[in-house]
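As stored in entry.txt (compact mmCIF, C-alpha atoms):
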```txt
# COMPACT_ATOMS: atom_id res chain seq x y z
CA GLU R 28 98.41 88.67 119.44
CA GLY R 29 94.91 90.00 118.92
CA ALA R 30 94.06 90.00 122.62
CA ALA R 31 97.25 91.91 123.45
CA PHE R 32 96.58 94.33 120.59
CA ARG R 33 93.15 94.99 122.07
CA ALA R 34 94.52 95.38 125.59
CA GLY R 35 97.23 97.75 124.39
CA PHE R 36 94.91 99.78 122.22
CA LEU R 37 92.14 100.11 124.81
CA SER R 38 94.66 101.08 127.49
CA GLY R 39 96.16 103.76 125.28
CA GLY R 40 99.40 101.81 124.99
CA ASP R 41 99.96 101.31 128.71
CA PRO R 42 102.53 98.51 129.19
CA ALA R 43 100.69 97.48 132.36
CA ALA R 44 98.05 96.02 130.02
CA LEU R 45 100.56 93.24 129.29
CA GLY R 46 100.51 92.02 132.89
CA ARG R 47 97.91 89.32 132.40
CA PHE R 48 99.85 87.83 129.48
CA GLY R 49 102.90 87.09 131.63
CA ARG R 50 101.30 83.88 132.94
CA MET R 51 101.24 82.35 129.47
CA PRO R 52 103.91 80.11 127.93
CA ASP R 53 106.98 82.04 126.78
CA ALA R 54 106.15 81.83 123.06
CA ALA R 55 102.70 83.28 123.73
CA VAL R 56 104.19 86.14 125.76
CA HIS R 57 106.41 87.03 122.80
CA VAL R 58 103.40 87.00 120.48
CA ALA R 59 101.49 89.16 122.97
CA HIS R 60 104.28 91.72 122.84
CA GLN R 61 104.02 91.73 119.06
CA GLY R 62 100.31 92.49 119.37
CA PHE R 63 101.05 95.20 121.92
CA GLY R 64 103.61 96.72 119.53
CA ARG R 65 101.00 96.68 116.79
CA SER R 66 98.63 98.58 119.09
CA LEU R 67 101.29 101.22 119.73
CA TRP R 68 101.29 102.19 116.06
CA PHE R 69 97.64 103.16 116.41
CA SER R 70 97.56 104.45 119.99
CA ARG R 71 100.55 106.66 119.15
CA MET R 72 98.91 107.64 115.85
CA GLY R 73 101.82 106.59 113.64
CA ARG R 74 104.38 108.51 115.72
CA LEU R 75 107.17 105.98 115.50
CA ASP R 76 109.46 107.91 117.83
CA VAL R 77 106.82 107.94 120.59
CA ALA R 78 105.95 104.27 120.07
CA LEU R 79 109.65 103.31 120.18
CA HIS R 80 109.97 105.18 123.47
CA VAL R 81 107.29 102.90 124.94
CA VAL R 82 109.04 99.85 123.45
CA ALA R 83 112.30 100.92 125.11
CA GLY R 84 110.53 100.73 128.49
CA LEU R 85 109.53 97.09 127.98
CA PRO R 86 111.78 94.25 129.17
CA GLY R 87 114.64 93.94 126.68
CA ARG R 88 113.77 90.43 125.58
CA PHE R 89 110.50 91.76 124.12
CA HIS R 90 111.84 94.77 122.22
CA GLY R 91 112.09 92.84 118.94
CA ASP R 92 108.56 91.48 119.33
CA ALA R 93 107.11 94.95 119.86
CA ALA R 94 109.15 96.33 116.94
CA SER R 95 107.76 93.53 114.79
CA GLY R 96 104.25 94.59 115.74
CA LEU R 97 105.04 98.20 114.87
CA GLY R 98 106.33 97.14 111.46
CA LEU R 99 103.27 94.99 110.83
CA ALA R 100 100.87 97.81 111.67
CA CYS R 101 102.84 100.36 109.68
CA ALA R 102 103.01 98.21 106.54
CA PHE R 103 99.35 97.24 106.71
CA SER R 104 97.93 100.68 107.48
CA TRP R 105 100.29 102.89 105.47
CA LEU R 106 99.96 101.21 102.09
CA ASP R 107 99.03 104.62 100.68
CA ARG R 108 102.32 105.96 102.10
CA VAL R 109 104.52 102.96 101.39
CA ALA R 110 107.01 105.15 99.53
CA ALA R 111 107.95 106.67 102.90
CA PHE R 112 108.86 103.27 104.39
CA PRO R 113 112.66 103.46 103.85
CA LYS R 114 112.79 106.83 105.63
CA LEU R 115 110.63 105.50 108.44
CA LEU R 116 112.89 102.46 108.76
CA ASP R 117 115.85 104.82 109.21
CA ALA R 118 114.21 106.02 112.43
CA VAL R 119 114.15 102.49 113.88
CA PRO R 120 117.20 101.70 116.02
CA GLU R 121 119.56 99.50 114.03
CA HIS R 122 119.28 96.54 116.42
CA LEU R 123 115.48 96.45 115.85
CA ARG R 124 115.37 96.95 112.08
CA VAL R 125 115.20 93.29 111.07
CA ASP R 126 112.38 92.77 113.59
CA PHE R 127 110.56 95.81 112.18
CA LEU R 128 111.11 94.50 108.63
CA GLN R 129 109.82 91.05 109.58
CA GLY R 130 106.65 92.62 110.90
CA ALA R 131 106.36 94.80 107.80
CA ALA R 132 106.72 91.76 105.54
CA PHE R 133 103.89 90.05 107.43
CA GLY R 134 101.83 93.24 107.17
CA TRP R 135 102.40 93.53 103.42
CA GLU R 136 101.40 89.89 103.00
CA ALA R 137 98.20 90.49 104.98
CA ARG R 138 97.47 93.63 102.96
CA ARG R 139 98.14 91.80 99.68
CA ARG R 140 95.77 89.01 100.72
CA ALA R 141 93.10 91.53 101.68
CA ASP R 142 93.09 93.29 98.29
CA ARG R 143 95.66 92.11 95.77
CA SER R 144 94.89 94.70 93.10
CA LEU R 145 95.07 97.60 95.59
CA PHE R 146 98.37 96.27 96.91
CA GLU R 147 99.84 95.77 93.43
CA ASP R 148 98.74 99.24 92.32
CA ALA R 149 100.38 100.83 95.38
CA ILE R 150 103.62 98.93 94.90
CA ALA R 151 103.78 99.46 91.12
CA VAL R 152 104.52 103.17 91.43
CA LEU R 153 107.50 102.71 93.78
CA PRO R 154 111.11 102.95 92.68
CA GLU R 155 112.42 99.59 91.49
CA ALA R 156 114.72 99.10 94.49
CA GLN R 157 111.81 99.45 96.88
CA ARG R 158 109.55 97.13 94.85
CA VAL R 159 112.31 94.51 94.81
CA ALA R 160 112.85 94.87 98.56
CA ILE R 161 109.13 94.40 99.26
CA ASP R 162 109.03 91.39 96.93
CA ASP R 163 112.07 89.97 98.75
CA GLY R 164 110.26 90.46 102.06
CA LEU R 165 107.19 88.65 100.79
CA ALA R 166 109.38 85.85 99.41
CA ALA R 167 111.02 85.50 102.85
CA VAL R 168 107.58 85.16 104.47
CA HIS R 169 106.51 82.44 102.04
CA ALA R 170 109.80 80.53 102.00
CA GLY R 171 110.02 80.56 105.78
CA ARG R 172 106.55 79.12 106.14
CA ARG R 173 107.04 76.57 103.38
CA ASP R 174 110.29 75.29 104.91
CA LEU R 175 108.84 75.04 108.42
CA GLU R 176 105.54 73.36 107.59
CA PRO R 177 106.88 69.81 107.15
CA ALA R 178 108.50 69.87 110.60
CA SER R 179 105.52 71.68 112.18
CA PRO R 180 107.63 72.93 115.11
CA PRO R 181 106.04 73.79 118.43
CA ALA R 182 105.32 77.52 118.63
CA PHE R 183 105.05 77.58 114.83
CA TYR R 184 104.30 81.30 114.62
CA GLU R 185 107.41 82.19 116.61
CA ALA R 186 109.52 79.85 114.47
CA TRP R 187 108.04 81.42 111.33
CA ARG R 188 108.85 84.91 112.54
CA ALA R 189 112.40 83.83 113.39
CA GLU R 190 112.90 82.15 110.04
CA THR R 191 111.57 85.21 108.22
CA ARG R 192 113.93 87.47 110.21
CA ALA R 193 116.86 85.23 109.37
CA ARG R 194 115.98 85.28 105.67
CA LEU R 195 115.53 89.05 105.67
CA GLY R 196 118.88 89.46 107.38
CA ARG R 197 120.52 87.45 104.59
CA LEU R 198 118.58 89.08 101.74
CA CYS R 199 119.08 92.71 102.46
CA GLU R 200 120.88 95.15 104.63
CA PRO R 201 118.08 96.67 106.72
CA ALA R 202 119.81 100.05 106.70
CA THR R 203 119.47 100.22 102.90
CA PHE R 204 116.06 98.59 102.49
CA GLY R 205 114.41 99.79 99.33
CA THR R 206 117.09 102.28 98.40
CA ALA R 207 119.43 102.10 95.45
CA ALA R 208 122.45 101.95 97.80
```

Please rewrite the model in this file as structure tokens.
Amino acid sequence: EGAAFRAGFLSGGDPAALGRFGRMPDAAVHVAHQGFGRSLWFSRMGRLDVALHVVAGLPGRFHGDAASGLGLACAFSWLDRVAAFPKLLDAVPEHLRVDFLQGAAFGWEARRRADRSLFEDAIAVLPEAQRVAIDDGLAAVHAGRRDLEPASPPAFYEAWRAETRARLGRLCEPATFGTAA
């Protein structure tokens, strides 16, 4: 993930930078596309529409991975603008929203771990529906990991992402994430 982020970022978001990752096992290629998606958030300077255009040019089986990376980068880097997240999510094509949310939930967890008081202060001022949705996302991250750990499946990270997506899909309607709808 980190190596593909670096390759994507240093190439200015050129999908050709993913070429060397294609020789890896399938699970690693999916993780690489997540890292590349994360790089697009920065190389496209938070322009979700432009980043999604690049994602659309990737092979279809990696669209969700790249959308996950976009969500992760957005949630981690835009904590000061987290109130805008529901509107931003509206701009994500419907078929990619749960992937974007999964990435965002991972990003919020990373941000919370980095500075809990900063995270809690930023979330505290949000409308209740959005706070609950973020808490639900974090709960999905933790429950997914907790339930997978005893089995320790191969490609654990991919299984964790999939389990988190499944939980998010059951917990909330991505189209109404964080709204009072």

_Nearest residue to R:Glu121 out of R:Arg139, R:Phe63, R:Gly91, R:Leu153, using all atoms listed in the file?_
R:Gly91

_Nearest to R:Val125 by atom-to-atom distance, counting only C-alpha atoms, from R:Phe204, R:Trp105, R:Phe69, R:Phe48_ =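 Of R:Phe204, R:Trp105, R:Phe69, R:Phe48, the one nearest R:Val125 is R:Phe204, counting only C-alpha atoms.
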
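Put simply, atom CA of R:His57 is 23.0 Å away from atom CA of R:Ala118.
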
*Anything within 12 Å of (94.8, 99.5, 119.3): list those residues as a VMD selection string, counting only C-alpha atoms and sticking to the file's coordinates.*
chain R and resid 28 to 41 44 62 to 73 96 to 97 100

May I have the residues from that selection written out with C-alpha atoms, as a PDB file, in the coordinates of the input?
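For reference, again.pdb as written:
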```pdb
ATOM      1  CA  GLU R  28      98.410  88.670 119.440  1.00  0.00           C
ATOM      2  CA  GLY R  29      94.910  90.000 118.920  1.00  0.00           C
ATOM      3  CA  ALA R  30      94.060  90.000 122.620  1.00  0.00           C
ATOM      4  CA  ALA R  31      97.250  91.910 123.450  1.00  0.00           C
ATOM      5  CA  PHE R  32      96.580  94.330 120.590  1.00  0.00           C
ATOM      6  CA  ARG R  33      93.150  94.990 122.070  1.00  0.00           C
ATOM      7  CA  ALA R  34      94.520  95.380 125.590  1.00  0.00           C
ATOM      8  CA  GLY R  35      97.230  97.750 124.390  1.00  0.00           C
ATOM      9  CA  PHE R  36      94.910  99.780 122.220  1.00  0.00           C
ATOM     10  CA  LEU R  37      92.140 100.110 124.810  1.00  0.00           C
ATOM     11  CA  SER R  38      94.660 101.080 127.490  1.00  0.00           C
ATOM     12  CA  GLY R  39      96.160 103.760 125.280  1.00  0.00           C
ATOM     13  CA  GLY R  40      99.400 101.810 124.990  1.00  0.00           C
ATOM     14  CA  ASP R  41      99.960 101.310 128.710  1.00  0.00           C
ATOM     15  CA  ALA R  44      98.050  96.020 130.020  1.00  0.00           C
ATOM     16  CA  GLY R  62     100.310  92.490 119.370  1.00  0.00           C
ATOM     17  CA  PHE R  63     101.050  95.200 121.920  1.00  0.00           C
ATOM     18  CA  GLY R  64     103.610  96.720 119.530  1.00  0.00           C
ATOM     19  CA  ARG R  65     101.000  96.680 116.790  1.00  0.00           C
ATOM     20  CA  SER R  66      98.630  98.580 119.090  1.00  0.00           C
ATOM     21  CA  LEU R  67     101.290 101.220 119.730  1.00  0.00           C
ATOM     22  CA  TRP R  68     101.290 102.190 116.060  1.00  0.00           C
ATOM     23  CA  PHE R  69      97.640 103.160 116.410  1.00  0.00           C
ATOM     24  CA  SER R  70      97.560 104.450 119.990  1.00  0.00           C
ATOM     25  CA  ARG R  71     100.550 106.660 119.150  1.00  0.00           C
ATOM     26  CA  MET R  72      98.910 107.640 115.850  1.00  0.00           C
ATOM     27  CA  GLY R  73     101.820 106.590 113.640  1.00  0.00           C
ATOM     28  CA  GLY R  96     104.250  94.590 115.740  1.00  0.00           C
ATOM     29  CA  LEU R  97     105.040  98.200 114.870  1.00  0.00           C
ATOM     30  CA  ALA R 100     100.870  97.810 111.670  1.00  0.00           C
TER      31      ALA R 100
END
```

*By how many Å are atom CA of R:Ala131 and atom CA of R:Ala102 apart?*
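According to the coordinates, atom CA of R:Ala131 and atom CA of R:Ala102 are separated by 4.9 Å.
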
*Work out how far apart atom CA of R:Arg188 and atom CA of R:Arg140 are and give it in Å to one decimal.*
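Between atom CA of R:Arg188 and atom CA of R:Arg140 the gap is 18.1 Å.
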
All heavy atoms restored at stretch 100-111 of chain R, emitted as a PDB file, in the frame of the given file:
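Result saved to rebuild.pdb:
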```pdb
ATOM      1  N   ALA R 100     101.927  96.802 111.723  1.00  0.00           N
ATOM      2  CA  ALA R 100     100.870  97.810 111.670  1.00  0.00           C
ATOM      3  C   ALA R 100     101.183  98.904 110.666  1.00  0.00           C
ATOM      4  O   ALA R 100     100.306  99.340 109.918  1.00  0.00           O
ATOM      5  CB  ALA R 100     100.669  98.423 113.061  1.00  0.00           C
ATOM      6  N   CYS R 101     102.426  99.325 110.629  1.00  0.00           N
ATOM      7  CA  CYS R 101     102.840 100.360 109.680  1.00  0.00           C
ATOM      8  C   CYS R 101     102.615  99.887 108.246  1.00  0.00           C
ATOM      9  O   CYS R 101     101.990 100.588 107.440  1.00  0.00           O
ATOM     10  CB  CYS R 101     104.300 100.703 109.909  1.00  0.00           C
ATOM     11  SG  CYS R 101     105.036 101.677 108.586  1.00  0.00           S
ATOM     12  N   ALA R 102     103.113  98.719 107.913  1.00  0.00           N
ATOM     13  CA  ALA R 102     103.010  98.210 106.540  1.00  0.00           C
ATOM     14  C   ALA R 102     101.551  98.014 106.132  1.00  0.00           C
ATOM     15  O   ALA R 102     101.167  98.334 105.004  1.00  0.00           O
ATOM     16  CB  ALA R 102     103.783  96.915 106.394  1.00  0.00           C
ATOM     17  N   PHE R 103     100.753  97.506 107.043  1.00  0.00           N
ATOM     18  CA  PHE R 103      99.350  97.240 106.710  1.00  0.00           C
ATOM     19  C   PHE R 103      98.570  98.544 106.555  1.00  0.00           C
ATOM     20  O   PHE R 103      97.787  98.695 105.618  1.00  0.00           O
ATOM     21  CB  PHE R 103      98.698  96.353 107.770  1.00  0.00           C
ATOM     22  CG  PHE R 103      97.331  95.885 107.357  1.00  0.00           C
ATOM     23  CD1 PHE R 103      97.184  94.748 106.586  1.00  0.00           C
ATOM     24  CD2 PHE R 103      96.198  96.592 107.718  1.00  0.00           C
ATOM     25  CE1 PHE R 103      95.919  94.315 106.179  1.00  0.00           C
ATOM     26  CE2 PHE R 103      94.935  96.173 107.326  1.00  0.00           C
ATOM     27  CZ  PHE R 103      94.796  95.023 106.553  1.00  0.00           C
ATOM     28  N   SER R 104      98.775  99.475 107.462  1.00  0.00           N
ATOM     29  CA  SER R 104      97.930 100.680 107.480  1.00  0.00           C
ATOM     30  C   SER R 104      98.453 101.807 106.598  1.00  0.00           C
ATOM     31  O   SER R 104      97.674 102.685 106.228  1.00  0.00           O
ATOM     32  CB  SER R 104      97.754 101.180 108.907  1.00  0.00           C
ATOM     33  OG  SER R 104      98.986 101.642 109.423  1.00  0.00           O
ATOM     34  N   TRP R 105      99.723 101.794 106.261  1.00  0.00           N
ATOM     35  CA  TRP R 105     100.290 102.890 105.470  1.00  0.00           C
ATOM     36  C   TRP R 105     100.553 102.470 104.030  1.00  0.00           C
ATOM     37  O   TRP R 105     101.495 102.957 103.403  1.00  0.00           O
ATOM     38  CB  TRP R 105     101.570 103.403 106.104  1.00  0.00           C
ATOM     39  CG  TRP R 105     101.355 104.482 107.116  1.00  0.00           C
ATOM     40  CD1 TRP R 105     100.240 104.738 107.843  1.00  0.00           C
ATOM     41  CD2 TRP R 105     102.321 105.457 107.517  1.00  0.00           C
ATOM     42  NE1 TRP R 105     100.442 105.804 108.669  1.00  0.00           N
ATOM     43  CE2 TRP R 105     101.708 106.271 108.496  1.00  0.00           C
ATOM     44  CE3 TRP R 105     103.631 105.710 107.160  1.00  0.00           C
ATOM     45  CZ2 TRP R 105     102.360 107.329 109.108  1.00  0.00           C
ATOM     46  CZ3 TRP R 105     104.291 106.767 107.777  1.00  0.00           C
ATOM     47  CH2 TRP R 105     103.665 107.564 108.731  1.00  0.00           C
ATOM     48  N   LEU R 106      99.753 101.614 103.479  1.00  0.00           N
ATOM     49  CA  LEU R 106      99.960 101.210 102.090  1.00  0.00           C
ATOM     50  C   LEU R 106      99.934 102.430 101.175  1.00  0.00           C
ATOM     51  O   LEU R 106     100.701 102.514 100.218  1.00  0.00           O
ATOM     52  CB  LEU R 106      98.921 100.185 101.656  1.00  0.00           C
ATOM     53  CG  LEU R 106      99.142  99.593 100.268  1.00  0.00           C
ATOM     54  CD1 LEU R 106     100.475  98.844 100.196  1.00  0.00           C
ATOM     55  CD2 LEU R 106      97.996  98.678  99.883  1.00  0.00           C
ATOM     56  N   ASP R 107      99.097 103.402 101.494  1.00  0.00           N
ATOM     57  CA  ASP R 107      99.030 104.620 100.680  1.00  0.00           C
ATOM     58  C   ASP R 107     100.261 105.507 100.859  1.00  0.00           C
ATOM     59  O   ASP R 107     100.460 106.442 100.100  1.00  0.00           O
ATOM     60  CB  ASP R 107      97.755 105.400 100.996  1.00  0.00           C
ATOM     61  CG  ASP R 107      97.671 105.854 102.446  1.00  0.00           C
ATOM     62  OD1 ASP R 107      98.218 105.166 103.332  1.00  0.00           O
ATOM     63  OD2 ASP R 107      97.047 106.901 102.699  1.00  0.00           O
ATOM     64  N   ARG R 108     101.084 105.195 101.849  1.00  0.00           N
ATOM     65  CA  ARG R 108     102.320 105.960 102.100  1.00  0.00           C
ATOM     66  C   ARG R 108     103.545 105.056 102.075  1.00  0.00           C
ATOM     67  O   ARG R 108     104.563 105.371 102.680  1.00  0.00           O
ATOM     68  CB  ARG R 108     102.227 106.634 103.466  1.00  0.00           C
ATOM     69  CG  ARG R 108     101.113 107.643 103.552  1.00  0.00           C
ATOM     70  CD  ARG R 108     101.023 108.225 104.926  1.00  0.00           C
ATOM     71  NE  ARG R 108      99.686 107.947 105.429  1.00  0.00           N
ATOM     72  CZ  ARG R 108      99.241 108.322 106.601  1.00  0.00           C
ATOM     73  NH1 ARG R 108     100.017 108.967 107.420  1.00  0.00           N
ATOM     74  NH2 ARG R 108      98.021 108.042 106.966  1.00  0.00           N
ATOM     75  N   VAL R 109     103.437 103.945 101.390  1.00  0.00           N
ATOM     76  CA  VAL R 109     104.520 102.960 101.390  1.00  0.00           C
ATOM     77  C   VAL R 109     105.829 103.527 100.864  1.00  0.00           C
ATOM     78  O   VAL R 109     106.903 103.073 101.261  1.00  0.00           O
ATOM     79  CB  VAL R 109     104.096 101.672 100.633  1.00  0.00           C
ATOM     80  CG1 VAL R 109     103.952 101.918  99.151  1.00  0.00           C
ATOM     81  CG2 VAL R 109     105.043 100.518 100.918  1.00  0.00           C
ATOM     82  N   ALA R 110     105.779 104.541 100.038  1.00  0.00           N
ATOM     83  CA  ALA R 110     107.010 105.150  99.530  1.00  0.00           C
ATOM     84  C   ALA R 110     107.860 105.736 100.658  1.00  0.00           C
ATOM     85  O   ALA R 110     109.079 105.834 100.533  1.00  0.00           O
ATOM     86  CB  ALA R 110     106.686 106.232  98.497  1.00  0.00           C
ATOM     87  N   ALA R 111     107.227 106.093 101.770  1.00  0.00           N
ATOM     88  CA  ALA R 111     107.950 106.670 102.900  1.00  0.00           C
ATOM     89  C   ALA R 111     108.599 105.610 103.790  1.00  0.00           C
ATOM     90  O   ALA R 111     109.325 105.949 104.727  1.00  0.00           O
ATOM     91  CB  ALA R 111     106.997 107.518 103.739  1.00  0.00           C
TER      92      ALA R 111
END
```
